[in-house]
$ cat input.cif   # mmCIF, C-alpha atoms and all ligand atoms
data_work
#
loop_
_atom_site.label_atom_id
_atom_site.label_comp_id
_atom_site.auth_asym_id
_atom_site.auth_seq_id
_atom_site.Cartn_x
_atom_site.Cartn_y
_atom_site.Cartn_z
CA MET Q 199 0.00 0.00 0.00
CA GLU Q 200 1.07 3.54 -0.71
CA LYS Q 201 2.64 5.32 2.28
CA LYS Q 202 0.89 8.41 3.47
CA ILE Q 203 2.92 11.09 5.20
CA PHE Q 204 1.05 14.04 6.66
CA ASN Q 205 3.06 17.06 7.65
CA PHE Q 206 1.19 18.76 10.45
CA ALA Q 207 4.21 20.55 11.89
CA ASN Q 208 3.13 23.86 10.36
CA ASP Q 209 -0.54 23.15 9.86
CA LYS Q 210 -2.48 24.69 12.72
CA ASN Q 211 -5.87 23.64 11.36
CA LEU Q 212 -5.04 19.93 11.16
CA GLU Q 213 -7.52 19.70 8.29
CA ASN Q 214 -6.50 16.25 7.12
CA MET Q 215 -6.74 14.71 10.56
CA ASN Q 216 -9.99 12.97 9.67
CA ILE Q 217 -8.11 10.88 7.07
CA VAL Q 218 -5.62 9.64 9.68
CA ALA Q 219 -8.31 9.20 12.35
CA LYS Q 220 -10.24 7.06 9.87
CA ALA Q 221 -7.19 4.84 9.45
CA ILE Q 222 -7.12 4.31 13.23
CA LYS Q 223 -10.78 3.31 13.15
CA GLU Q 224 -10.04 0.90 10.32
CA ASP Q 225 -7.41 -0.90 12.45
CA GLU Q 226 -4.42 0.63 10.67
CA LEU Q 227 -1.24 1.72 12.46
CA VAL Q 228 -0.35 5.41 12.60
CA VAL Q 229 2.97 6.92 13.64
CA PHE Q 230 2.24 10.22 15.39
CA PRO Q 231 4.11 12.84 17.42
CA THR Q 232 3.67 13.41 21.14
CA GLU Q 233 5.51 15.86 23.40
CA THR Q 234 7.73 13.02 24.70
CA VAL Q 235 8.65 10.82 21.71
CA TYR Q 236 6.81 9.63 18.60
CA GLY Q 237 4.30 6.83 19.13
CA ILE Q 238 3.08 4.02 16.90
CA GLY Q 239 -0.64 4.00 17.55
CA ALA Q 240 -3.65 1.73 17.08
CA ASN Q 241 -7.25 1.60 18.26
CA ALA Q 242 -6.93 0.39 21.87
CA PHE Q 243 -10.31 -1.36 21.64
CA SER Q 244 -9.24 -3.52 18.70
CA GLU Q 245 -7.27 -6.68 19.27
CA VAL Q 246 -6.47 -6.94 15.57
CA ALA Q 247 -5.04 -3.42 15.48
CA VAL Q 248 -3.08 -3.79 18.72
CA ASN Q 249 -1.49 -7.03 17.57
CA LYS Q 250 -0.19 -5.18 14.51
CA ILE Q 251 1.85 -2.94 16.87
CA PHE Q 252 3.64 -5.91 18.41
CA GLU Q 253 4.35 -7.30 14.98
CA ALA Q 254 5.62 -4.04 13.49
CA LYS Q 255 7.94 -3.30 16.42
CA ASN Q 256 8.93 -6.89 16.97
CA ARG Q 257 7.93 -6.19 20.56
CA PRO Q 258 8.12 -8.95 23.19
CA ASN Q 259 4.59 -10.05 24.04
CA ASP Q 260 5.06 -9.45 27.78
CA ASN Q 261 5.67 -5.70 27.45
CA PRO Q 262 2.34 -3.87 27.85
CA LEU Q 263 1.27 -0.72 25.99
CA ILE Q 264 0.25 2.73 27.19
CA VAL Q 265 -3.28 3.84 26.33
CA HIS Q 266 -3.56 7.49 25.21
CA ILE Q 267 -6.69 9.57 25.72
CA SER Q 268 -7.68 13.13 24.82
CA ASP Q 269 -10.20 13.77 27.59
CA VAL Q 270 -10.70 12.43 31.11
CA SER Q 271 -14.19 11.33 30.11
CA MET Q 272 -12.46 8.63 28.02
CA LEU Q 273 -11.42 6.94 31.28
CA ASP Q 274 -15.06 5.98 31.82
CA GLY Q 275 -15.46 2.31 31.10
CA ILE Q 276 -11.78 1.53 30.51
CA VAL Q 277 -10.46 1.80 34.09
CA LYS Q 278 -12.03 1.36 37.52
CA ASN Q 279 -11.51 2.18 41.21
CA ILE Q 280 -9.51 5.41 40.77
CA ASN Q 281 -8.55 6.55 44.29
CA GLU Q 282 -8.06 10.07 45.58
CA ILE Q 283 -4.29 10.13 45.10
CA GLU Q 284 -4.56 8.83 41.55
CA GLN Q 285 -7.23 11.42 40.78
CA ASN Q 286 -5.07 14.19 42.20
CA LEU Q 287 -2.06 13.12 40.14
CA ILE Q 288 -4.25 13.06 37.04
CA ASN Q 289 -5.59 16.54 37.82
CA ASN Q 290 -2.07 17.91 38.26
CA PHE Q 291 -0.09 16.25 35.49
CA TRP Q 292 -2.51 15.80 32.60
CA PRO Q 293 -2.25 16.63 29.84
CA GLY Q 294 1.48 15.94 29.84
CA PRO Q 295 4.38 13.47 30.01
CA PHE Q 296 2.80 11.42 32.78
CA THR Q 297 1.49 7.84 32.66
CA ILE Q 298 -0.42 6.29 35.53
CA ILE Q 299 -1.03 2.58 36.03
CA LEU Q 300 -4.71 1.90 36.77
CA GLU Q 301 -6.95 -1.12 37.12
CA LYS Q 302 -8.42 -1.92 33.71
CA THR Q 303 -11.87 -3.14 32.66
CA GLU Q 304 -12.69 -5.80 30.11
CA LYS Q 305 -13.24 -3.16 27.45
CA ILE Q 306 -9.48 -3.03 26.96
CA PRO Q 307 -8.34 -6.29 25.36
CA ASN Q 308 -5.73 -8.33 27.21
CA CYS Q 309 -3.20 -7.92 24.41
CA VAL Q 310 -2.86 -4.23 25.40
CA SER Q 311 -1.87 -5.10 28.98
CA CYS Q 312 -0.16 -8.39 28.09
CA GLY Q 313 -2.46 -10.19 30.48
CA LEU Q 314 -2.01 -7.81 33.46
CA ASN Q 315 -5.16 -6.48 35.12
CA THR Q 316 -3.79 -2.93 34.88
CA ILE Q 317 -3.02 -0.49 32.07
CA GLY Q 318 -0.88 2.61 31.80
CA VAL Q 319 -2.92 5.64 30.74
CA ARG Q 320 -1.65 9.00 29.52
CA MET Q 321 -3.21 12.17 28.11
CA PRO Q 322 -0.61 13.80 25.85
CA SER Q 323 -0.37 17.58 25.66
CA ASN Q 324 0.89 17.61 22.08
CA LYS Q 325 -1.86 19.23 19.97
CA ILE Q 326 -1.51 16.83 17.06
CA ALA Q 327 -1.71 13.75 19.30
CA HIS Q 328 -4.64 15.27 21.12
CA LYS Q 329 -6.53 15.99 17.92
CA LEU Q 330 -5.83 12.55 16.48
CA ILE Q 331 -7.33 10.82 19.53
CA GLU Q 332 -10.24 13.25 19.68
CA VAL Q 333 -11.18 12.82 16.01
CA ALA Q 334 -10.67 9.04 16.10
CA GLY Q 335 -12.98 9.00 19.12
CA VAL Q 336 -11.26 5.96 20.63
CA PRO Q 337 -8.31 5.60 23.03
CA ILE Q 338 -5.07 4.93 21.17
CA ALA Q 339 -2.63 2.27 22.40
CA ALA Q 340 0.87 3.45 21.53
CA PRO Q 341 4.39 2.44 22.45
CA SER Q 342 7.36 4.50 21.33
CA ALA Q 343 7.87 4.37 17.57
CA ASN Q 344 11.01 2.28 17.16
CA ILE Q 345 11.92 -1.32 16.54
CA SER Q 346 12.11 -2.93 20.01
CA GLY Q 347 15.53 -2.50 21.56
CA LYS Q 348 16.43 0.57 19.49
CA PRO Q 349 16.38 4.17 20.75
CA SER Q 350 12.96 5.84 20.69
CA GLY Q 351 12.25 8.13 17.74
CA THR Q 352 12.17 11.92 18.17
CA ILE Q 353 12.11 13.00 14.52
CA LEU Q 354 9.92 11.46 11.85
CA GLN Q 355 12.74 10.80 9.42
CA ASP Q 356 14.47 8.37 11.82
CA ILE Q 357 11.25 6.47 12.38
CA TYR Q 358 10.31 6.41 8.72
CA GLU Q 359 13.64 4.79 7.87
CA GLU Q 360 12.96 2.10 10.47
CA LEU Q 361 9.24 1.45 10.06
CA SER Q 362 8.27 2.38 6.49
CA GLU Q 363 7.85 -1.29 5.55
CA LYS Q 364 5.52 -1.90 8.47
CA VAL Q 365 3.33 1.20 8.76
CA ASN Q 366 1.31 3.08 6.15
CA TYR Q 367 0.41 6.31 7.93
CA PHE Q 368 2.94 8.78 9.32
CA ILE Q 369 2.35 12.19 10.86
CA ASP Q 370 5.25 14.63 10.95
CA GLY Q 371 4.99 17.05 13.85
CA GLY Q 372 8.61 18.22 13.96
CA LYS Q 373 11.13 17.29 16.64
CA SER Q 374 9.67 15.97 19.93
CA GLU Q 375 9.66 18.70 22.54
CA ILE Q 376 10.92 16.60 25.50
CA GLY Q 377 12.74 13.72 23.81
CA LEU Q 378 12.37 11.15 26.63
CA GLU Q 379 9.33 8.97 27.26
CA SER Q 380 6.77 9.81 29.92
CA THR Q 381 7.18 9.26 33.66
CA VAL Q 382 5.32 6.03 34.56
CA VAL Q 383 3.91 5.80 38.10
CA LYS Q 384 1.87 3.42 40.19
CA VAL Q 385 0.12 4.33 43.44
CA GLU Q 386 0.72 1.72 46.17
CA ASN Q 387 -0.03 1.93 49.90
CA ASN Q 388 -0.76 5.65 49.67
CA SER Q 389 2.60 6.44 48.11
CA VAL Q 390 3.69 7.01 44.54
CA LYS Q 391 6.19 4.67 42.95
CA ILE Q 392 8.03 5.78 39.83
CA LEU Q 393 8.41 2.77 37.54
CA ARG Q 394 10.03 4.77 34.74
CA PRO Q 395 11.49 8.24 35.41
CA GLY Q 396 10.75 11.09 33.00
CA LYS Q 397 10.17 14.80 32.69
CA ILE Q 398 7.76 14.80 35.67
CA THR Q 399 10.31 14.34 38.46
CA VAL Q 400 10.29 13.01 42.03
CA GLU Q 401 10.27 16.63 43.23
CA ASP Q 402 7.28 17.53 41.04
CA ILE Q 403 5.25 14.74 42.69
CA GLU Q 404 6.57 15.41 46.21
CA LYS Q 405 5.32 18.99 45.90
CA LEU Q 406 1.78 17.57 46.05
CA GLY Q 407 2.59 16.17 49.49
CA TYR Q 408 3.03 12.50 48.60
CA ASN Q 409 5.75 10.02 49.48
CA VAL Q 410 7.59 9.11 46.33
CA SER Q 411 9.81 6.09 45.76
CA LEU Q 412 11.86 5.08 42.76
CA SER Q 413 11.87 1.61 41.25
CA GLU Q 414 14.93 -0.35 42.39
CA ASN Q 415 16.02 -1.25 38.89
CA LEU Q 416 16.52 2.08 37.18
CA TYR Q 417 20.17 1.75 36.30
CA ARG Q 418 20.50 -1.86 35.26
CA THR Q 419 18.94 -4.31 32.82
CA VAL Q 420 16.83 -6.87 34.65
CA ASN Q 421 17.25 -10.54 33.76
CA SER Q 422 14.39 -12.13 31.87
CA ASN Q 423 13.52 -14.50 34.75
CA GLU Q 424 13.21 -11.73 37.38
CA LYS Q 425 9.79 -10.47 38.35
CA VAL Q 426 9.42 -6.70 37.90
CA GLU Q 427 6.64 -4.16 38.21
CA SER Q 428 7.28 -2.62 34.83
CA PRO Q 429 7.96 -5.29 32.23
CA GLY Q 430 9.74 -2.76 30.00
CA MET Q 431 12.75 -2.96 32.34
CA LYS Q 432 13.46 -6.51 31.35
CA HIS Q 433 14.21 -5.87 27.78
CA LYS Q 434 17.25 -4.53 26.00
CA HIS Q 435 16.46 -0.94 25.17
CA TYR Q 436 17.73 2.30 23.70
CA SER Q 437 20.67 0.53 22.08
CA PRO Q 438 22.43 1.42 18.87
CA SER Q 439 24.52 -1.29 17.21
CA ALA Q 440 27.70 0.32 18.51
CA LYS Q 441 29.06 -0.73 21.89
CA CYS Q 442 28.30 2.13 24.29
CA ILE Q 443 30.22 3.05 27.44
CA LEU Q 444 28.88 5.50 30.01
CA VAL Q 445 31.41 7.63 31.92
CA SER Q 446 30.18 9.72 34.82
CA GLY Q 447 31.49 11.33 37.98
CA VAL Q 448 33.68 14.35 38.73
CA GLU Q 449 33.92 16.55 35.63
CA TYR Q 450 37.71 16.69 35.53
CA ASN Q 451 38.00 12.91 35.94
CA VAL Q 452 35.41 12.25 33.27
CA ILE Q 453 37.29 14.32 30.70
CA ASN Q 454 40.60 12.66 31.59
CA LYS Q 455 39.09 9.20 31.50
CA ILE Q 456 37.54 9.77 28.10
CA ASN Q 457 40.79 11.13 26.72
CA ASN Q 458 42.60 8.04 28.02
CA ILE Q 459 40.16 5.70 26.39
CA ILE Q 460 40.31 7.55 23.08
CA ASN Q 461 44.06 6.96 22.83
CA ASN Q 462 43.57 3.22 22.62
CA GLN Q 463 40.74 2.91 20.18
CA THR Q 464 39.97 3.78 16.60
CA ASN Q 465 36.44 3.81 15.21
CA MET Q 466 35.02 5.49 18.26
CA CYS Q 467 32.86 8.54 18.80
CA ILE Q 468 32.02 10.63 21.84
CA MET Q 469 28.57 11.83 22.88
CA GLY Q 470 29.32 14.71 25.21
CA PHE Q 471 28.48 18.19 26.40
CA THR Q 472 29.02 21.38 24.42
CA GLU Q 473 31.48 22.72 27.01
CA HIS Q 474 33.77 19.68 26.71
CA LYS Q 475 34.11 19.60 22.95
CA THR Q 476 37.42 21.45 22.96
CA GLN Q 477 38.80 19.50 25.94
CA ILE Q 478 38.15 16.03 24.53
CA ASN Q 479 40.65 15.00 21.89
CA SER Q 480 38.31 13.63 19.26
CA ASP Q 481 36.94 15.00 16.02
CA LYS Q 482 34.10 12.47 16.21
CA TYR Q 483 32.12 14.42 18.75
CA ILE Q 484 28.34 14.35 18.97
CA ASP Q 485 27.28 17.39 20.98
CA ILE Q 486 24.23 16.59 23.13
CA GLY Q 487 23.90 20.05 24.67
CA SER Q 488 25.14 22.14 27.54
CA LYS Q 489 26.10 20.36 30.77
CA ASN Q 490 23.86 22.87 32.56
CA ASN Q 491 20.80 22.21 30.47
CA LEU Q 492 19.20 18.84 31.21
CA ASN Q 493 16.21 19.66 28.99
CA GLN Q 494 18.51 20.10 26.03
CA ILE Q 495 20.40 16.89 26.83
CA SER Q 496 17.24 14.81 27.19
CA ASN Q 497 16.07 16.25 23.91
CA ASN Q 498 19.20 15.14 22.06
CA ILE Q 499 19.95 11.70 23.50
CA PHE Q 500 17.90 9.53 21.18
CA SER Q 501 18.76 11.42 18.01
CA GLY Q 502 22.42 11.33 19.12
CA LEU Q 503 22.32 7.56 19.61
CA ARG Q 504 20.78 7.13 16.19
CA GLU Q 505 23.53 9.27 14.68
CA VAL Q 506 26.13 6.91 16.16
CA ASP Q 507 24.75 4.13 13.99
CA LYS Q 508 24.18 6.29 10.93
CA LEU Q 509 27.84 7.31 10.99
CA GLY Q 510 28.84 3.67 11.48
CA TYR Q 511 30.91 3.93 14.66
CA ASP Q 512 31.77 0.71 16.52
CA VAL Q 513 32.12 2.28 19.95
CA CYS Q 514 30.52 5.31 21.58
CA ILE Q 515 31.64 6.90 24.85
CA ILE Q 516 28.82 8.81 26.52
CA GLU Q 517 29.10 11.44 29.23
CA GLY Q 518 26.75 10.96 32.16
CA VAL Q 519 24.91 13.53 34.29
CA GLU Q 520 24.12 13.69 37.99
CA LYS Q 521 21.25 11.43 39.11
CA GLN Q 522 19.01 14.26 40.22
CA GLY Q 523 15.80 15.79 38.90
CA LEU Q 524 15.52 15.13 35.18
CA GLY Q 525 19.04 13.62 35.43
CA ILE Q 526 17.45 10.46 36.88
CA ALA Q 527 15.53 9.85 33.65
CA ILE Q 528 18.58 10.64 31.51
CA MET Q 529 20.81 8.26 33.47
CA ASN Q 530 18.11 5.57 33.44
CA ARG Q 531 18.04 5.61 29.61
CA LEU Q 532 21.82 5.86 29.24
CA SER Q 533 22.46 3.04 31.73
CA ARG Q 534 20.16 0.84 29.69
CA THR Q 535 21.87 1.94 26.46
CA CYS Q 536 25.25 0.97 27.90
CA ASN Q 537 23.98 -2.30 29.37
CA GLY Q 538 26.41 -2.53 32.28
CA ASN Q 539 29.37 -0.76 30.62
CA ILE Q 540 29.45 2.03 33.16
CA LEU Q 541 32.53 3.77 34.56
CA GLU Q 542 32.20 5.91 37.69
CA VAL Q 543 35.24 8.16 38.01
O1 LIG Q 601 6.06 8.94 26.45
C1 LIG Q 601 5.60 7.81 26.33
O2 LIG Q 601 5.14 7.18 27.29
C2 LIG Q 601 5.59 7.17 24.91
C3 LIG Q 601 4.64 8.00 24.05
C4 LIG Q 601 4.42 7.40 22.69
O3 LIG Q 601 3.45 8.22 24.74
N1 LIG Q 601 5.22 5.81 24.98
C5 LIG Q 601 6.04 4.85 25.47
O4 LIG Q 601 5.56 3.56 25.41
O5 LIG Q 601 7.14 5.09 25.92
P1 LIG Q 601 6.47 2.28 25.59
O6 LIG Q 601 5.60 1.15 25.20
O7 LIG Q 601 7.73 2.44 24.84
O8 LIG Q 601 6.73 2.18 27.12
C6 LIG Q 601 5.69 1.79 27.99
C7 LIG Q 601 6.26 1.52 29.37
C8 LIG Q 601 7.01 0.22 29.42
O9 LIG Q 601 8.14 0.39 30.24
C9 LIG Q 601 5.99 -0.72 30.04
O10 LIG Q 601 6.61 -1.79 30.72
C10 LIG Q 601 5.25 0.20 30.99
O11 LIG Q 601 5.18 1.44 30.31
N2 LIG Q 601 3.89 -0.27 31.26
C11 LIG Q 601 2.82 -0.26 30.41
N3 LIG Q 601 1.73 -0.81 30.98
C12 LIG Q 601 2.10 -1.18 32.22
C13 LIG Q 601 1.42 -1.83 33.30
N4 LIG Q 601 0.16 -2.20 33.21
N5 LIG Q 601 2.12 -2.06 34.45
C14 LIG Q 601 3.42 -1.67 34.54
N6 LIG Q 601 4.12 -1.07 33.56
C15 LIG Q 601 3.48 -0.84 32.41
MG MG Q 602 9.71 2.19 24.18
#
$ encode --input "input.cif" --output "structure tokens" --more "lines below"
Ligand code: TXA
Ligand code: MG
Amino acid sequence: MEKKIFNFANDKNLENMNIVAKAIKEDELVVFPTETVYGIGANAFSEVAVNKIFEAKNRPNDNPLIVHISDVSMLDGIVKNINEIEQNLINNFWPGPFTIILEKTEKIPNCVSCGLNTIGVRMPSNKIAHKLIEVAGVPIAAPSANISGKPSGTILQDIYEELSEKVNYFIDGGKSEIGLESTVVKVENNSVKILRPGKITVEDIEKLGYNVSLSENLYRTVNSNEKVESPGMKHKHYSPSAKCILVSGVEYNVINKINNIINNQTNMCIMGFTEHKTQINSDKYIDIGSKNNLNQISNNIFSGLREVDKLGYDVCIIEGVEKQGLGIAIMNRLSRTCNGNILEV
């Protein structure tokens, strides 16, 4: 079938949205932008459509999907027993980069939740995503738009190269604003547990007066036989083909360490901060932003990792950030990218 690419980046009226929304209703897959990363979406009520997502991404069938809605009224009938804390989190963080795990009803097929009795739900703030869901009139199940294991997609071109054989409808909405996937939380025993860190930080949630805890497994890949609360943690993720090594710690030590490693290797690139470009002795430098600007860094990580592969490097040394605020989400993704190759200096 002919591929259809809709460029809505500069189209405020979103006039052709009904064509794409119709595709969703006809059980087709649609790649669409959100404020976090691009998603590959399907009608969350349709088992046929949802199964196409797993097939297109080559996604393990124990990794559940997030259901996206455009209005809180869409929660009616798909989840039950929302408690006061959950409601308050929803009121504060929607629309936005925030996913909450809730008890699901039978209206959502089991393939969405991979057999769990819960689903993650999110209301994106991106106008294009919002309009797509609204016009389709059904919740949209959508994981990040990438082949499983690869970095998430933040510009349409990267995703198109990867998924054009598998998906017919693509919406271009420009570069993702945040660049990292949503914060995923679960409310347990009156406190909030962060299963996947993101733009909504521990501090943002603590400000509402709740106890917040972080999942124990943020900086390592969990073995396939371990039981975890968020199945996504079990799988290889965010990985280019190149071997990646994360170096973090005291700034001076990090720069020295990287320079030492460079001396011994050849086809190697560096993903580092703007300020360090002149201090690191490599002309294969992928600048991921200022060391003082975590928003900029989170926005450049996935496109940077994809560049590593496009340029054909065998090894990539990546500079780490402090595990604080948004830095927790950045280090979570980079630790997974580097799969245990982590140097603290
Ligand atoms: O920002 C985002 O969340 C993006 C955009 C497209 O909205 N979506 C996204 O989806 O990142 P995905 O499938 O790549 O990640 C979903 C994460 C996985 O880590 C999965 O394990 C977790 O959410 N998850 C989904 N349903 C869950 C559930 N019922 N219980 C625990 N974890 C769940
Ligand atoms: Mg993903």
$ residues_around --input "input.cif" --residues "stretch 471-485 of chain Q" --least-positions-apart "4" --cutoff "7 Å" --atoms "all atoms listed in the file" --output "list in words"
Ile453, Asn457, Cys467, Lys489 and Gly502 of chain Q
$ atom_distance --input "input.cif" --atom1 "atom CA of Q:Leu492" --atom2 "atom CA of Q:Lys521"
11.0 Å
$ residues_near_ligand --input "input.cif" --ligand "ligand MG 602 (chain Q)" --cutoff "8 Å" --atoms "all atoms listed in the file" --output "ChimeraX atom specification"
/Q:341-344,346-347,349-350,379,430,435
$ closest_residue --input "input.cif" --among "Q:Glu359, Q:Glu505, Q:Glu424, Q:Glu233" --to "ligand LIG 601 (chain Q)" --atoms "all atoms listed in the file"
Q:Glu233
$ closest_residue --input "input.cif" --among "Q:Asn491, Q:Ser380, Q:Asn315, Q:Thr352" --to "ligand LIG 601 (chain Q)" --atoms "only C-alpha atoms and all ligand atoms"
Q:Ser380
$ closest_residue --input "input.cif" --among "Q:Ile376, Q:Val445, Q:Ile369, Q:Met431" --to "Q:Thr419" --atoms "only C-alpha atoms"
Q:Met431
$ closest_residue --input "input.cif" --among "Q:Asp274, Q:Glu449, Q:Glu517, Q:Glu427" --to "ligand LIG 601 (chain Q)" --atoms "all atoms listed in the file"
Q:Glu427
$ residues_around --input "input.cif" --residues "Q:Ala340" --least-positions-apart "3" --cutoff "9 Å" --atoms "all atoms listed in the file" --output "list in words"
Val229, Gly237, Ile238, Gly239, Ala240, Asn241, Ala242, Val248, Ile251, Leu263, Ile264, Val265, His266 and Ala343 of chain Q
$ build_atoms --input "input.cif" --residues "stretch 267-294 of chain Q" --atoms "N, CA and C atoms" --output "short mmCIF file (atom, residue, chain, number, x, y, z; two decimals), in the coordinates of the input"
data_model
loop_
_atom_site.label_atom_id
_atom_site.label_comp_id
_atom_site.auth_asym_id
_atom_site.auth_seq_id
_atom_site.Cartn_x
_atom_site.Cartn_y
_atom_site.Cartn_z
N ILE Q 267 -5.34 9.00 25.81
CA ILE Q 267 -6.69 9.57 25.72
C ILE Q 267 -6.59 11.08 25.51
N SER Q 268 -7.70 11.68 25.05
CA SER Q 268 -7.68 13.13 24.82
C SER Q 268 -8.53 13.88 25.83
N ASP Q 269 -9.32 13.14 26.62
CA ASP Q 269 -10.20 13.77 27.59
C ASP Q 269 -10.43 12.81 28.75
N VAL Q 270 -10.53 13.36 29.97
CA VAL Q 270 -10.70 12.43 31.11
C VAL Q 270 -11.97 11.60 31.00
N SER Q 271 -12.95 12.11 30.25
CA SER Q 271 -14.19 11.33 30.11
C SER Q 271 -13.92 9.98 29.43
N MET Q 272 -12.80 9.90 28.69
CA MET Q 272 -12.46 8.63 28.02
C MET Q 272 -12.02 7.55 29.01
N LEU Q 273 -11.77 7.95 30.27
CA LEU Q 273 -11.42 6.94 31.28
C LEU Q 273 -12.63 6.08 31.63
N ASP Q 274 -13.83 6.70 31.46
CA ASP Q 274 -15.06 5.98 31.82
C ASP Q 274 -15.14 4.67 31.05
N GLY Q 275 -15.30 3.60 31.76
CA GLY Q 275 -15.46 2.31 31.10
C GLY Q 275 -14.16 1.58 30.82
N ILE Q 276 -13.02 2.28 30.80
CA ILE Q 276 -11.78 1.53 30.51
C ILE Q 276 -10.94 1.25 31.76
N VAL Q 277 -11.14 2.08 32.81
CA VAL Q 277 -10.46 1.80 34.09
C VAL Q 277 -11.46 1.89 35.23
N LYS Q 278 -11.10 1.30 36.39
CA LYS Q 278 -12.03 1.36 37.52
C LYS Q 278 -11.27 1.63 38.82
N ASN Q 279 -12.04 1.99 39.84
CA ASN Q 279 -11.51 2.18 41.21
C ASN Q 279 -10.38 3.22 41.30
N ILE Q 280 -10.53 4.36 40.65
CA ILE Q 280 -9.51 5.41 40.77
C ILE Q 280 -9.60 6.01 42.18
N ASN Q 281 -8.49 5.98 42.93
CA ASN Q 281 -8.55 6.55 44.29
C ASN Q 281 -8.18 8.03 44.29
N GLU Q 282 -8.23 8.62 45.48
CA GLU Q 282 -8.06 10.07 45.58
C GLU Q 282 -6.66 10.53 45.12
N ILE Q 283 -5.66 9.75 45.49
CA ILE Q 283 -4.29 10.13 45.10
C ILE Q 283 -4.14 10.06 43.57
N GLU Q 284 -4.65 8.98 43.01
CA GLU Q 284 -4.56 8.83 41.55
C GLU Q 284 -5.28 9.98 40.86
N GLN Q 285 -6.46 10.32 41.38
CA GLN Q 285 -7.23 11.42 40.78
C GLN Q 285 -6.46 12.74 40.88
N ASN Q 286 -5.81 12.95 42.01
CA ASN Q 286 -5.07 14.19 42.20
C ASN Q 286 -3.86 14.27 41.26
N LEU Q 287 -3.20 13.14 41.07
CA LEU Q 287 -2.06 13.12 40.14
C LEU Q 287 -2.54 13.43 38.72
N ILE Q 288 -3.66 12.81 38.36
CA ILE Q 288 -4.25 13.06 37.04
C ILE Q 288 -4.57 14.55 36.89
N ASN Q 289 -5.21 15.12 37.89
CA ASN Q 289 -5.59 16.54 37.82
C ASN Q 289 -4.36 17.43 37.65
N ASN Q 290 -3.25 17.05 38.29
CA ASN Q 290 -2.07 17.91 38.26
C ASN Q 290 -1.21 17.72 37.03
N PHE Q 291 -1.11 16.50 36.53
CA PHE Q 291 -0.09 16.25 35.49
C PHE Q 291 -0.64 15.97 34.10
N TRP Q 292 -1.94 15.96 33.94
CA TRP Q 292 -2.51 15.80 32.60
C TRP Q 292 -3.07 17.11 32.11
N PRO Q 293 -3.00 17.41 30.82
CA PRO Q 293 -2.25 16.63 29.84
C PRO Q 293 -0.75 16.82 30.03
N GLY Q 294 0.03 15.81 29.71
CA GLY Q 294 1.48 15.94 29.84
C GLY Q 294 2.20 14.61 29.85
#
